[in-house]
>>> print(open('data_9.txt').read())   # compact mmCIF, C-alpha atoms and all ligand atoms
# COMPACT_ATOMS: atom_id res chain seq x y z
CA MET J 1176 -22.52 6.61 8.53
CA ASN J 1177 -19.86 5.71 6.04
CA LEU J 1178 -17.38 3.67 8.04
CA ASN J 1179 -14.73 4.41 5.48
CA ASN J 1180 -15.02 8.10 6.08
CA VAL J 1181 -12.27 9.03 8.48
CA ASN J 1182 -11.35 12.39 7.02
CA ASN J 1183 -13.12 14.67 9.45
CA ASN J 1184 -10.79 15.51 12.29
CA GLN J 1185 -13.45 17.11 14.45
CA ASN J 1186 -14.53 15.05 17.46
CA CYS J 1187 -11.74 12.61 16.70
CA ASP J 1188 -9.03 11.47 19.02
CA LEU J 1189 -5.94 13.63 18.65
CA SER J 1190 -4.18 12.19 21.70
CA PRO J 1191 -0.87 10.34 21.15
CA SER J 1192 -1.09 6.89 19.63
CA ASN J 1193 0.53 3.80 21.11
CA ASN J 1194 1.30 2.36 17.66
CA GLY J 1195 3.40 5.13 16.22
CA PRO J 1196 4.55 8.72 16.55
CA PHE J 1197 1.38 10.46 15.33
CA ASN J 1198 -1.87 11.27 17.09
CA LYS J 1199 -4.46 8.49 17.20
CA LEU J 1200 -6.56 9.76 14.31
CA LEU J 1201 -3.68 10.23 11.90
CA GLN J 1202 -1.95 7.05 13.02
CA SER J 1203 -5.11 5.04 12.37
CA LYS J 1204 -5.36 6.36 8.80
CA ILE J 1205 -1.68 5.62 8.23
CA ASP J 1206 -1.86 2.12 9.68
CA ARG J 1207 -4.89 1.27 7.63
CA LEU J 1208 -3.14 2.19 4.37
CA LYS J 1209 0.20 0.76 5.42
CA ASN J 1210 -1.44 -2.64 5.90
CA ARG J 1211 -2.34 -2.73 2.22
CA ARG J 1212 1.23 -2.52 1.06
CA ASN J 1213 3.07 -5.58 -0.21
CA LYS J 1214 6.66 -6.34 0.56
CA VAL J 1215 9.03 -6.42 -2.37
CA GLN J 1216 12.32 -8.25 -2.78
CA LEU J 1217 15.06 -6.68 -4.91
CA GLY J 1218 17.91 -9.15 -5.14
CA THR J 1219 18.67 -10.03 -1.55
CA VAL J 1220 17.18 -6.82 -0.18
CA SER J 1221 13.58 -6.70 1.03
CA PHE J 1222 11.50 -3.54 1.27
CA ASP J 1223 8.14 -2.99 2.98
CA SER J 1224 6.50 -1.65 -0.18
CA PRO J 1225 7.47 -0.98 -3.80
CA LEU J 1226 7.32 2.80 -3.18
CA LEU J 1227 10.73 3.99 -2.04
CA LEU J 1228 12.18 7.37 -1.11
CA ALA J 1229 14.73 8.67 -3.64
CA PRO J 1230 18.08 9.97 -2.42
CA MET J 1231 18.15 13.76 -2.07
CA SER J 1232 21.14 15.77 -0.94
CA ALA J 1233 20.64 17.98 2.13
CA ILE J 1234 17.13 16.50 2.49
CA GLY J 1235 17.42 12.72 2.88
CA THR J 1236 18.90 12.91 6.38
CA ALA J 1237 18.33 10.20 9.01
CA PRO J 1238 15.39 12.00 10.71
CA PHE J 1239 13.68 12.64 7.38
CA ARG J 1240 14.19 9.07 6.20
CA ARG J 1241 12.80 7.76 9.49
CA LEU J 1242 9.74 9.98 9.07
CA MET J 1243 9.20 8.80 5.50
CA GLU J 1244 9.32 5.16 6.62
CA ASP J 1245 6.71 6.00 9.27
CA LEU J 1246 4.65 7.53 6.48
CA GLY J 1247 4.76 4.41 4.38
CA ALA J 1248 7.95 4.55 2.30
CA GLY J 1249 8.99 0.93 1.73
CA GLY J 1250 12.63 1.92 2.03
CA THR J 1251 14.92 4.92 1.70
CA VAL J 1252 18.32 5.95 0.35
CA SER J 1253 20.54 8.58 1.95
CA GLU J 1254 21.79 11.68 0.24
CA LEU J 1255 25.02 11.22 -1.71
CA ILE J 1256 28.13 11.06 0.49
CA SER J 1257 31.66 11.66 -0.77
CA CYS J 1258 34.00 8.67 -0.70
CA HIS J 1259 36.92 11.04 -0.22
CA GLY J 1260 35.23 12.77 2.72
CA ILE J 1261 34.75 9.34 4.29
CA ASN J 1262 38.33 8.25 3.62
CA TYR J 1263 39.80 11.53 4.95
CA LYS J 1264 37.68 11.02 8.10
CA ASN J 1265 35.97 14.36 7.53
CA HIS J 1266 33.78 14.86 10.60
CA LYS J 1267 30.76 16.26 8.75
CA THR J 1268 30.90 13.53 6.13
CA ARG J 1269 31.12 10.78 8.71
CA GLU J 1270 28.12 12.27 10.54
CA MET J 1271 26.11 11.83 7.36
CA LEU J 1272 26.63 8.08 7.70
CA LEU J 1273 24.92 7.87 11.09
CA LEU J 1274 21.61 6.07 10.81
CA SER J 1275 18.75 6.47 13.22
CA PRO J 1276 18.37 3.27 15.26
CA HIS J 1277 14.70 3.32 14.15
CA GLU J 1278 15.37 3.17 10.43
CA LYS J 1279 14.65 -0.18 8.82
CA ASN J 1280 15.19 -0.41 5.09
CA VAL J 1281 17.87 2.15 4.43
CA GLY J 1282 20.70 2.33 1.94
CA LEU J 1283 23.65 4.71 2.17
CA GLN J 1284 24.68 6.28 -1.12
CA ILE J 1285 28.29 7.09 -1.89
CA PHE J 1286 29.91 8.85 -4.81
CA GLY J 1287 33.41 9.07 -6.20
CA GLU J 1288 35.45 8.26 -9.28
CA GLY J 1289 38.22 5.86 -8.29
CA ALA J 1290 37.45 2.19 -7.71
CA GLU J 1291 39.97 1.83 -4.87
CA ALA J 1292 38.83 4.97 -3.01
CA MET J 1293 35.21 3.89 -3.37
CA ALA J 1294 36.03 0.39 -2.10
CA GLN J 1295 37.84 1.81 0.91
CA ALA J 1296 34.89 4.11 1.69
CA ALA J 1297 32.37 1.31 1.22
CA GLN J 1298 34.16 -0.70 3.89
CA VAL J 1299 33.73 2.17 6.34
CA VAL J 1300 30.09 2.69 5.32
CA GLN J 1301 29.38 -0.95 6.02
CA GLU J 1302 30.26 -0.44 9.68
CA TYR J 1303 27.42 2.05 10.04
CA GLY J 1304 24.87 -0.70 9.44
CA PRO J 1305 22.83 0.17 6.33
CA LYS J 1306 20.87 -2.58 4.61
CA PHE J 1307 22.69 -1.90 1.34
CA ILE J 1308 25.17 0.49 -0.25
CA ASP J 1309 24.21 2.47 -3.34
CA ILE J 1310 26.57 4.06 -5.87
CA ASN J 1311 25.59 7.43 -7.31
CA MET J 1312 25.97 7.28 -11.10
CA GLY J 1313 23.44 9.97 -11.91
CA CYS J 1314 24.67 13.22 -10.41
CA PRO J 1315 24.77 15.81 -13.22
CA VAL J 1316 26.43 18.62 -11.23
CA ARG J 1317 29.56 19.92 -12.95
CA LYS J 1318 31.74 19.80 -9.84
CA VAL J 1319 31.01 16.08 -9.41
CA VAL J 1320 31.01 15.17 -13.11
CA GLY J 1321 34.29 17.05 -13.60
CA THR J 1322 36.09 14.60 -11.32
CA GLY J 1323 34.73 11.58 -13.22
CA ALA J 1324 32.08 10.72 -10.60
CA GLY J 1325 28.26 10.74 -10.72
CA SER J 1326 26.76 10.56 -14.20
CA SER J 1327 30.23 10.81 -15.71
CA LEU J 1328 30.51 7.10 -14.95
CA LEU J 1329 27.92 6.45 -17.67
CA LYS J 1330 30.24 7.82 -20.38
CA ASP J 1331 32.66 4.95 -20.63
CA PRO J 1332 31.07 1.62 -19.64
CA SER J 1333 34.36 -0.23 -20.27
CA ILE J 1334 35.69 1.00 -16.92
CA LEU J 1335 32.68 -0.29 -15.01
CA PRO J 1336 33.49 -4.01 -14.61
CA HIS J 1337 36.67 -3.15 -12.66
CA PHE J 1338 34.89 -0.33 -10.80
CA PHE J 1339 32.01 -2.53 -9.61
CA LYS J 1340 34.19 -5.59 -8.96
CA THR J 1341 36.61 -3.67 -6.74
CA ILE J 1342 33.84 -2.13 -4.63
CA LYS J 1343 31.82 -5.32 -4.47
CA LYS J 1344 34.66 -7.48 -3.23
CA SER J 1345 35.49 -5.05 -0.42
CA ILE J 1346 32.11 -5.43 1.29
CA ALA J 1347 29.69 -8.12 2.43
CA LEU J 1348 26.61 -5.91 2.01
CA PRO J 1349 24.40 -5.82 -1.10
CA LEU J 1350 25.44 -3.19 -3.62
CA SER J 1351 23.07 -1.21 -5.87
CA ILE J 1352 23.45 1.65 -8.33
CA LYS J 1353 21.38 4.66 -9.32
CA ILE J 1354 21.83 5.86 -12.88
CA ARG J 1355 20.30 8.12 -15.50
CA THR J 1356 19.15 6.82 -18.90
CA GLY J 1357 22.48 7.86 -20.41
CA TRP J 1358 24.86 10.77 -20.76
CA ASP J 1359 22.87 12.45 -23.53
CA GLU J 1360 20.24 11.68 -26.15
CA ALA J 1361 22.86 10.25 -28.48
CA SER J 1362 24.26 7.85 -25.91
CA ILE J 1363 21.34 6.25 -24.08
CA ASN J 1364 22.98 3.19 -22.52
CA ALA J 1365 21.02 2.31 -19.38
CA LEU J 1366 20.41 -1.26 -20.58
CA GLU J 1367 24.11 -1.83 -21.27
CA ILE J 1368 25.00 -0.47 -17.82
CA VAL J 1369 22.44 -2.76 -16.19
CA HIS J 1370 23.92 -5.79 -18.01
CA ILE J 1371 27.40 -4.95 -16.75
CA ALA J 1372 26.00 -4.36 -13.26
CA ARG J 1373 24.41 -7.79 -13.29
CA GLU J 1374 27.62 -9.51 -14.36
CA GLU J 1375 29.41 -7.88 -11.44
CA GLY J 1376 26.91 -8.83 -8.76
CA ILE J 1377 25.01 -5.55 -8.33
CA GLU J 1378 21.59 -6.42 -6.87
CA PHE J 1379 19.29 -3.79 -8.35
CA VAL J 1380 19.37 -0.57 -10.34
CA ALA J 1381 17.36 2.64 -9.91
CA ILE J 1382 16.91 4.63 -13.11
CA HIS J 1383 16.05 8.33 -13.18
CA GLY J 1384 14.45 8.66 -16.61
CA ARG J 1385 16.45 11.62 -17.83
CA THR J 1386 19.86 11.93 -19.45
CA ARG J 1387 22.66 13.89 -17.83
CA ALA J 1388 22.34 16.50 -20.57
CA GLN J 1389 18.69 17.00 -19.67
CA GLN J 1390 19.54 17.80 -16.06
CA TYR J 1391 15.96 18.28 -14.74
CA GLU J 1392 14.38 19.59 -17.93
CA GLY J 1393 11.41 18.05 -19.71
CA GLN J 1394 9.76 14.91 -18.49
CA ALA J 1395 11.33 11.69 -17.31
CA ASN J 1396 11.29 9.21 -20.20
CA TRP J 1397 9.29 6.26 -18.92
CA GLU J 1398 9.46 4.48 -22.27
CA ILE J 1399 13.17 4.00 -21.78
CA ILE J 1400 12.75 2.97 -18.16
CA GLU J 1401 10.10 0.40 -19.11
CA HIS J 1402 12.18 -0.87 -22.03
CA VAL J 1403 15.11 -1.48 -19.70
CA ALA J 1404 12.90 -2.98 -16.99
CA SER J 1405 11.38 -5.49 -19.38
CA ASN J 1406 14.72 -6.51 -20.91
CA ALA J 1407 17.01 -6.50 -17.91
CA ALA J 1408 17.90 -9.47 -15.77
CA LEU J 1409 18.10 -7.28 -12.67
CA PRO J 1410 15.25 -5.70 -10.68
CA ILE J 1411 14.75 -2.12 -11.84
CA ILE J 1412 13.44 0.78 -9.78
CA GLY J 1413 11.77 3.43 -11.94
CA ASN J 1414 12.15 7.07 -11.00
CA GLY J 1415 11.12 10.48 -12.26
CA ASP J 1416 8.10 12.78 -11.96
CA LEU J 1417 5.92 10.45 -9.90
CA ASN J 1418 4.08 13.31 -8.18
CA LYS J 1419 0.44 12.44 -8.66
CA ILE J 1420 -1.56 9.72 -6.96
CA LYS J 1421 -3.09 8.64 -10.28
CA THR J 1422 0.26 8.47 -12.05
CA ILE J 1423 1.68 6.34 -9.27
CA GLN J 1424 -1.35 4.04 -9.24
CA ASN J 1425 -1.19 3.59 -13.01
CA ARG J 1426 2.51 2.97 -12.95
CA MET J 1427 2.12 0.42 -10.14
CA GLN J 1428 -0.33 -1.46 -12.32
CA VAL J 1429 1.44 -1.43 -15.65
CA SER J 1430 5.12 -1.11 -14.89
CA HIS J 1431 7.78 -3.73 -15.53
CA CYS J 1432 9.76 -2.07 -12.75
CA ARG J 1433 9.84 -3.95 -9.48
CA ALA J 1434 9.71 -0.76 -7.45
CA LEU J 1435 9.24 2.98 -7.90
CA MET J 1436 11.18 5.81 -6.33
CA LEU J 1437 9.68 9.15 -5.32
CA GLY J 1438 11.84 12.21 -4.66
CA ARG J 1439 10.32 15.66 -4.90
CA GLY J 1440 6.66 14.57 -4.67
CA PRO J 1441 6.68 13.61 -0.97
CA LEU J 1442 8.33 16.92 -0.04
CA ARG J 1443 5.07 18.68 -0.83
CA ASP J 1444 2.74 15.77 -0.15
CA PRO J 1445 4.19 13.63 2.64
CA PHE J 1446 1.36 11.10 2.31
CA LEU J 1447 2.27 10.16 -1.25
CA PHE J 1448 3.61 6.75 -0.22
CA LEU J 1449 0.16 5.87 1.15
CA THR J 1450 -2.50 7.69 -0.85
CA PRO J 1451 -2.05 5.43 -3.92
CA TYR J 1452 -3.44 2.66 -1.69
CA ILE J 1453 -6.74 4.49 -1.09
CA GLU J 1454 -9.48 2.59 -2.84
CA LYS J 1455 -12.06 4.03 -5.20
CA ASP J 1456 -14.97 5.68 -3.33
CA GLU J 1457 -13.08 5.48 -0.07
CA ALA J 1458 -12.93 8.81 1.75
CA ILE J 1459 -9.59 8.88 3.48
CA THR J 1460 -8.07 12.33 3.24
CA PHE J 1461 -5.24 14.17 4.94
CA ASN J 1462 -5.70 17.81 5.90
CA GLY J 1463 -3.70 20.73 7.30
CA GLU J 1464 -3.84 19.40 10.82
CA ASP J 1465 -2.32 16.12 9.67
CA ILE J 1466 0.47 18.00 7.95
CA PHE J 1467 1.19 19.94 11.12
CA GLU J 1468 1.41 16.64 12.95
CA VAL J 1469 3.99 15.47 10.40
CA ILE J 1470 6.04 18.60 11.03
CA ARG J 1471 5.89 18.08 14.78
CA VAL J 1472 7.23 14.57 14.37
CA LEU J 1473 9.96 15.66 11.93
CA LEU J 1474 11.10 18.21 14.45
CA ARG J 1475 11.07 15.63 17.23
CA TYR J 1476 13.13 13.24 15.11
CA ASN J 1477 15.62 15.98 14.26
CA ARG J 1478 16.05 16.85 17.91
CA GLU J 1479 16.37 13.22 18.95
CA HIS J 1480 19.00 12.66 16.28
CA LEU J 1481 21.01 15.69 17.41
CA GLU J 1482 20.83 14.60 21.05
CA TRP J 1483 21.84 11.07 20.10
CA GLN J 1484 24.71 12.35 17.96
CA ALA J 1485 25.85 14.54 20.85
CA LEU J 1486 26.29 11.43 23.01
CA ARG J 1487 28.97 10.07 20.72
CA PRO J 1488 32.52 10.47 22.06
CA GLU J 1489 33.71 12.36 18.99
CA ALA J 1490 30.68 14.67 18.93
CA LYS J 1491 31.15 18.38 18.49
CA ILE J 1492 28.43 20.51 20.05
CA ASP J 1493 27.33 23.22 17.67
CA PRO J 1494 26.13 26.37 19.46
CA ALA J 1495 24.18 27.44 16.36
CA MET J 1496 22.13 24.25 16.39
CA ASP J 1497 18.70 25.84 16.86
CA HIS J 1498 19.42 28.28 14.03
CA LYS J 1499 20.46 25.45 11.70
CA LEU J 1500 17.46 23.36 12.65
CA ASN J 1501 15.20 26.35 12.04
CA ILE J 1502 16.62 26.81 8.55
CA ASN J 1503 16.05 23.15 7.84
CA ILE J 1504 12.51 23.06 9.23
CA ARG J 1505 11.54 26.30 7.43
CA LYS J 1506 12.27 24.78 4.05
CA HIS J 1507 10.09 21.76 4.82
CA LEU J 1508 7.31 24.05 6.06
CA ILE J 1509 7.31 25.98 2.83
CA TRP J 1510 7.23 22.86 0.68
CA LEU J 1511 4.42 21.39 2.78
CA ALA J 1512 2.37 24.59 2.59
CA ALA J 1513 2.72 24.94 -1.18
CA SER J 1514 -0.78 23.75 -2.09
CA PHE J 1515 -2.61 25.86 0.52
CA GLN J 1516 -4.50 29.06 -0.24
CA HIS J 1517 -2.53 31.59 1.79
CA VAL J 1518 0.93 30.18 1.21
CA ALA J 1519 2.41 33.52 0.06
CA THR J 1520 1.77 35.26 3.40
CA PHE J 1521 2.88 32.16 5.28
CA ARG J 1522 6.12 31.98 3.31
CA GLU J 1523 6.89 35.62 4.09
CA MET J 1524 6.31 35.09 7.81
CA ILE J 1525 8.32 31.88 7.95
CA PHE J 1526 11.36 33.38 6.24
CA LYS J 1527 11.62 35.95 9.03
CA THR J 1528 11.57 33.61 12.01
CA GLN J 1529 14.56 33.46 14.33
CA SER J 1530 13.93 30.21 16.16
CA VAL J 1531 12.38 26.79 15.75
CA ASP J 1532 9.69 27.57 18.34
CA GLU J 1533 8.69 30.70 16.47
CA SER J 1534 8.40 28.78 13.17
CA LEU J 1535 6.42 26.05 14.84
CA LYS J 1536 3.93 28.47 16.35
CA ILE J 1537 3.32 30.20 13.00
CA ALA J 1538 3.01 26.83 11.29
CA GLU J 1539 0.55 25.54 13.88
CA ASP J 1540 -1.74 28.55 13.39
CA PHE J 1541 -1.45 28.32 9.62
CA PHE J 1542 -2.09 24.60 9.17
CA LYS J 1543 -4.90 24.56 11.72
CA ASP J 1544 -6.61 27.62 10.17
CA GLU J 1545 -6.22 26.12 6.71
CA ARG J 1546 -7.25 22.74 8.00
CA ASN J 1547 -10.15 22.20 5.65
CA SER J 1548 -9.50 24.84 3.00
CA LYS J 1549 -9.55 23.87 -0.64
CA ARG J 1550 -6.06 23.15 -1.95
CA ARG J 1551 -4.53 23.84 -5.34
CA ASP J 1552 -3.29 21.02 -7.53
CA ILE J 1553 0.40 21.85 -7.77
CA THR J 1554 1.59 18.52 -9.10
CA ASP J 1555 2.27 19.95 -12.56
CA ASP J 1556 4.29 22.93 -11.31
CA THR J 1557 7.99 22.89 -12.03
CA PHE J 1558 9.62 22.28 -8.68
CA MET J 1559 13.29 22.05 -7.72
CA THR J 1560 15.11 21.67 -10.96
CA SER J 1561 18.53 20.88 -9.66
CA GLY J 1562 19.81 17.97 -7.64
CA HIS J 1563 22.50 15.37 -7.38
CA GLY J 1564 21.07 12.53 -9.41
C1 LIG N 1 17.23 18.52 -4.27
C2 LIG N 1 17.59 17.22 -4.90
C3 LIG N 1 18.68 16.52 -4.44
C4 LIG N 1 19.00 15.29 -5.03
N1 LIG N 1 20.06 14.59 -4.53
C5 LIG N 1 20.34 13.35 -5.04
C6 LIG N 1 21.37 12.55 -4.46
O1 LIG N 1 22.02 12.92 -3.48
N2 LIG N 1 21.62 11.34 -5.03
C7 LIG N 1 20.90 10.88 -6.12
O2 LIG N 1 21.17 9.79 -6.61
N3 LIG N 1 19.90 11.62 -6.65
C8 LIG N 1 19.60 12.82 -6.13
N4 LIG N 1 18.57 13.54 -6.64
C9 LIG N 1 17.75 12.97 -7.73
C10 LIG N 1 16.52 12.26 -7.17
O3 LIG N 1 16.90 11.13 -6.43
C11 LIG N 1 15.58 11.83 -8.31
O4 LIG N 1 16.29 10.99 -9.16
C12 LIG N 1 15.05 13.01 -9.13
O5 LIG N 1 14.66 14.08 -8.29
C13 LIG N 1 13.84 12.57 -9.96
O6 LIG N 1 12.82 12.05 -9.15
P1 LIG N 1 11.53 12.92 -8.71
O7 LIG N 1 10.92 13.46 -9.97
O8 LIG N 1 10.64 11.95 -7.98
O9 LIG N 1 12.02 14.03 -7.84
C14 LIG N 1 18.23 14.78 -6.10
C15 LIG N 1 17.15 15.51 -6.56
C16 LIG N 1 16.81 16.71 -5.97
C17 LIG N 1 15.62 17.47 -6.49
>>> encode(input="data_9.txt", output="structure tokens", more="lines below")
Ligand SMILES: Cc1cc2nc3c(=O)[nH]c(=O)nc-3n(C[C@H](O)[C@H](O)[C@H](O)COP(=O)(O)O)c2cc1C
Amino acid sequence: MNLNNVNNNQNCDLSPSNNGPFNKLLQSKIDRLKNRRNKVQLGTVSFDSPLLLAPMSAIGTAPFRRLMEDLGAGGTVSELISCHGINYKNHKTREMLLLSPHEKNVGLQIFGEGAEAMAQAAQVVQEYGPKFIDINMGCPVRKVVGTGAGSSLLKDPSILPHFFKTIKKSIALPLSIKIRTGWDEASINALEIVHIAREEGIEFVAIHGRTRAQQYEGQANWEIIEHVASNAALPIIGNGDLNKIKTIQNRMQVSHCRALMLGRGPLRDPFLFLTPYIEKDEAITFNGEDIFEVIRVLLRYNREHLEWQALRPEAKIDPAMDHKLNINIRKHLIWLAASFQHVATFREMIFKTQSVDESLKIAEDFFKDERNSKRRDITDDTFMTSGHG
């Protein structure tokens, strides 16, 4: 028997594990791959692996980030959070700052245009206990750019020394930024921005390899990312289109970046932080049953987070909670089912569900039936072509 072959779920122990949230079989595969990861230090911030979860609005919530860390992400960054919402004590905005007590290597990302407003917000963010604070300088969305925030900050680098200095001196936590390569093809200035960032004490920079003008079109330009990474005096995190195991493995070998960030890939393949660590000829695979297990845990984390939030004195109980949770879980289910044979019928059924329990039952049947079915390679499909960075 091939001792490396742990992909067959039949006759294996699916009872709960003592080491983590998943059943024993899945947890053992995860632990085995997790042990191969190396820690990475970016400035003063340490991460458990060089593969990090990218910030994603309405997706990178505390329960999702916690799940991704369990599934091998070396660290995570929250969705973008408005500095003005924080400063105006907007209830919903402040809720976005709440971390799960189980999260380890998490950064909270804020966005805004004015140095003073950002500094004031950063002080509040600090109280919520992230490991670092990240500034969004990549959001291409017109509503954000129109105010001078997000990728608009790349347009006039002369304002950045004051911008960074003001925020930096208001907090004791490490500060990082996430940028695009430039505003447009004619003004690629990532390297210049990184130099300014270094002068002002920013600890590391994540670069999404597209310009603002590109939005999500074409491919991320890794030549530019690598050029910056090999010439910059700050640790660089490379980001963009890392959806395939092979691409990630290659990039891990050749890159001048100190870490890589994955956004959309793990939404459809939640094991993408671990599978690059599978060795040649080693048969560790993850099937439909494993994916259902991931969903079960995501749901549990969402419920725990809501219960925990509800204990806070200022909490507002939302009677439509199950409905909201169902909408959230349905979107994950559809992403996770994308590579399976009968996804079209599944999608239709899931869109009609009225409760979380109903969605879960349909998902359980689907992922267990499709447990060992052949899956399509969907890593080249265009997927989610709008976002906030
Ligand atoms: C739905 C969605 C939401 C996003 N939200 C944010 C965000 O809040 N902050 C940010 O800096 N980038 C955001 N991004 C950009 C991602 O962090 C990442 O840079 C981009 O998706 C490219 O990486 P990928 O090809 O691995 O997805 C978002 C992207 C998507 C698709």
>>> closest_residue(input="data_9.txt", among="J:Arg1387, J:Arg1443, J:Ala1485, J:Gly1357", to="Leu1273 in chain J", atoms="all atoms listed in the file")
J:Ala1485
>>> residues_near_ligand(input="data_9.txt", ligand="ligand LIG 1 (chain N)", cutoff="9 Å", atoms="all atoms listed in the file", output="PyMOL selection string")
chain J and resi 1228-1235+1252-1256+1284-1286+1309-1314+1325+1352-1355+1381-1385+1391+1394-1395+1414-1418+1436-1441+1558-1564
>>> write_last_selection(input="data_9.txt", atoms="C-alpha atoms", output="PDB file, in the coordinates of the input")
ATOM      1  CA  LEU J1228      12.180   7.370  -1.110  1.00  0.00           C
ATOM      2  CA  ALA J1229      14.730   8.670  -3.640  1.00  0.00           C
ATOM      3  CA  PRO J1230      18.080   9.970  -2.420  1.00  0.00           C
ATOM      4  CA  MET J1231      18.150  13.760  -2.070  1.00  0.00           C
ATOM      5  CA  SER J1232      21.140  15.770  -0.940  1.00  0.00           C
ATOM      6  CA  ALA J1233      20.640  17.980   2.130  1.00  0.00           C
ATOM      7  CA  ILE J1234      17.130  16.500   2.490  1.00  0.00           C
ATOM      8  CA  GLY J1235      17.420  12.720   2.880  1.00  0.00           C
ATOM      9  CA  VAL J1252      18.320   5.950   0.350  1.00  0.00           C
ATOM     10  CA  SER J1253      20.540   8.580   1.950  1.00  0.00           C
ATOM     11  CA  GLU J1254      21.790  11.680   0.240  1.00  0.00           C
ATOM     12  CA  LEU J1255      25.020  11.220  -1.710  1.00  0.00           C
ATOM     13  CA  ILE J1256      28.130  11.060   0.490  1.00  0.00           C
ATOM     14  CA  GLN J1284      24.680   6.280  -1.120  1.00  0.00           C
ATOM     15  CA  ILE J1285      28.290   7.090  -1.890  1.00  0.00           C
ATOM     16  CA  PHE J1286      29.910   8.850  -4.810  1.00  0.00           C
ATOM     17  CA  ASP J1309      24.210   2.470  -3.340  1.00  0.00           C
ATOM     18  CA  ILE J1310      26.570   4.060  -5.870  1.00  0.00           C
ATOM     19  CA  ASN J1311      25.590   7.430  -7.310  1.00  0.00           C
ATOM     20  CA  MET J1312      25.970   7.280 -11.100  1.00  0.00           C
ATOM     21  CA  GLY J1313      23.440   9.970 -11.910  1.00  0.00           C
ATOM     22  CA  CYS J1314      24.670  13.220 -10.410  1.00  0.00           C
ATOM     23  CA  GLY J1325      28.260  10.740 -10.720  1.00  0.00           C
ATOM     24  CA  ILE J1352      23.450   1.650  -8.330  1.00  0.00           C
ATOM     25  CA  LYS J1353      21.380   4.660  -9.320  1.00  0.00           C
ATOM     26  CA  ILE J1354      21.830   5.860 -12.880  1.00  0.00           C
ATOM     27  CA  ARG J1355      20.300   8.120 -15.500  1.00  0.00           C
ATOM     28  CA  ALA J1381      17.360   2.640  -9.910  1.00  0.00           C
ATOM     29  CA  ILE J1382      16.910   4.630 -13.110  1.00  0.00           C
ATOM     30  CA  HIS J1383      16.050   8.330 -13.180  1.00  0.00           C
ATOM     31  CA  GLY J1384      14.450   8.660 -16.610  1.00  0.00           C
ATOM     32  CA  ARG J1385      16.450  11.620 -17.830  1.00  0.00           C
ATOM     33  CA  TYR J1391      15.960  18.280 -14.740  1.00  0.00           C
ATOM     34  CA  GLN J1394       9.760  14.910 -18.490  1.00  0.00           C
ATOM     35  CA  ALA J1395      11.330  11.690 -17.310  1.00  0.00           C
ATOM     36  CA  ASN J1414      12.150   7.070 -11.000  1.00  0.00           C
ATOM     37  CA  GLY J1415      11.120  10.480 -12.260  1.00  0.00           C
ATOM     38  CA  ASP J1416       8.100  12.780 -11.960  1.00  0.00           C
ATOM     39  CA  LEU J1417       5.920  10.450  -9.900  1.00  0.00           C
ATOM     40  CA  ASN J1418       4.080  13.310  -8.180  1.00  0.00           C
ATOM     41  CA  MET J1436      11.180   5.810  -6.330  1.00  0.00           C
ATOM     42  CA  LEU J1437       9.680   9.150  -5.320  1.00  0.00           C
ATOM     43  CA  GLY J1438      11.840  12.210  -4.660  1.00  0.00           C
ATOM     44  CA  ARG J1439      10.320  15.660  -4.900  1.00  0.00           C
ATOM     45  CA  GLY J1440       6.660  14.570  -4.670  1.00  0.00           C
ATOM     46  CA  PRO J1441       6.680  13.610  -0.970  1.00  0.00           C
ATOM     47  CA  PHE J1558       9.620  22.280  -8.680  1.00  0.00           C
ATOM     48  CA  MET J1559      13.290  22.050  -7.720  1.00  0.00           C
ATOM     49  CA  THR J1560      15.110  21.670 -10.960  1.00  0.00           C
ATOM     50  CA  SER J1561      18.530  20.880  -9.660  1.00  0.00           C
ATOM     51  CA  GLY J1562      19.810  17.970  -7.640  1.00  0.00           C
ATOM     52  CA  HIS J1563      22.500  15.370  -7.380  1.00  0.00           C
ATOM     53  CA  GLY J1564      21.070  12.530  -9.410  1.00  0.00           C
TER      54      GLY J1564
END
>>> closest_residue(input="data_9.txt", among="J:Leu1409, J:Leu1449, J:Ile1400, J:Ala1538", to="Gly1247 in chain J", atoms="all atoms listed in the file")
J:Leu1449
>>> closest_residue(input="data_9.txt", among="J:Gly1413, J:Cys1258, J:Glu1457, J:Val1469", to="Asp1245 in chain J", atoms="only C-alpha atoms")
J:Val1469
>>> closest_residue(input="data_9.txt", among="J:Asn1194, J:Thr1236, J:Ser1221, J:Asn1425", to="Leu1274 in chain J", atoms="all atoms listed in the file")
J:Thr1236
>>> closest_residue(input="data_9.txt", among="J:Arg1317, J:Arg1550, J:Pro1196, J:Glu1270", to="Lys1491 in chain J", atoms="only C-alpha atoms")
J:Glu1270
>>> closest_residue(input="data_9.txt", among="J:Leu1447, J:Ile1504, J:Met1293, J:Ala1388", to="Leu1208 in chain J", atoms="all atoms listed in the file")
J:Leu1447
>>> closest_atom_pairs(input="data_9.txt", of="range 1196-1236 of chain J", to="range 1368-1378 of chain J", cutoff="12 Å", atoms="all atoms listed in the file", output="CSV")
residue,atom,partner,partner_atom,distance
J:Gln1216,CA,J:Glu1378,CA,10.3
J:Leu1217,CA,J:Glu1378,CA,6.8
J:Gly1218,CA,J:Glu1378,CA,4.9
J:Thr1219,CA,J:Glu1378,CA,7.1
J:Val1220,CA,J:Glu1378,CA,8.0
J:Ser1221,CA,J:Glu1378,CA,11.3
>>> atom_distance(input="data_9.txt", atom1="CA of Pro1451 in chain J", atom2="CA of Arg1240 in chain J")
19.5 Å
>>> atom_distance(input="data_9.txt", atom1="CA of Thr1450 in chain J", atom2="CA of Cys1187 in chain J")
20.4 Å
>>> decode(input="data_9.txt", residues="range 1298-1302 of chain J", atoms="C-alpha atoms", output="short mmCIF file (atom, residue, chain, number, x, y, z; two decimals), in the first residue's frame")
data_model
loop_
_atom_site.label_atom_id
_atom_site.label_comp_id
_atom_site.auth_asym_id
_atom_site.auth_seq_id
_atom_site.Cartn_x
_atom_site.Cartn_y
_atom_site.Cartn_z
CA GLN J 1298 -6.10 54.73 15.95
CA VAL J 1299 -9.54 53.18 16.40
CA VAL J 1300 -8.61 50.16 14.27
CA GLN J 1301 -5.61 49.54 16.46
CA GLU J 1302 -7.88 48.95 19.46
#
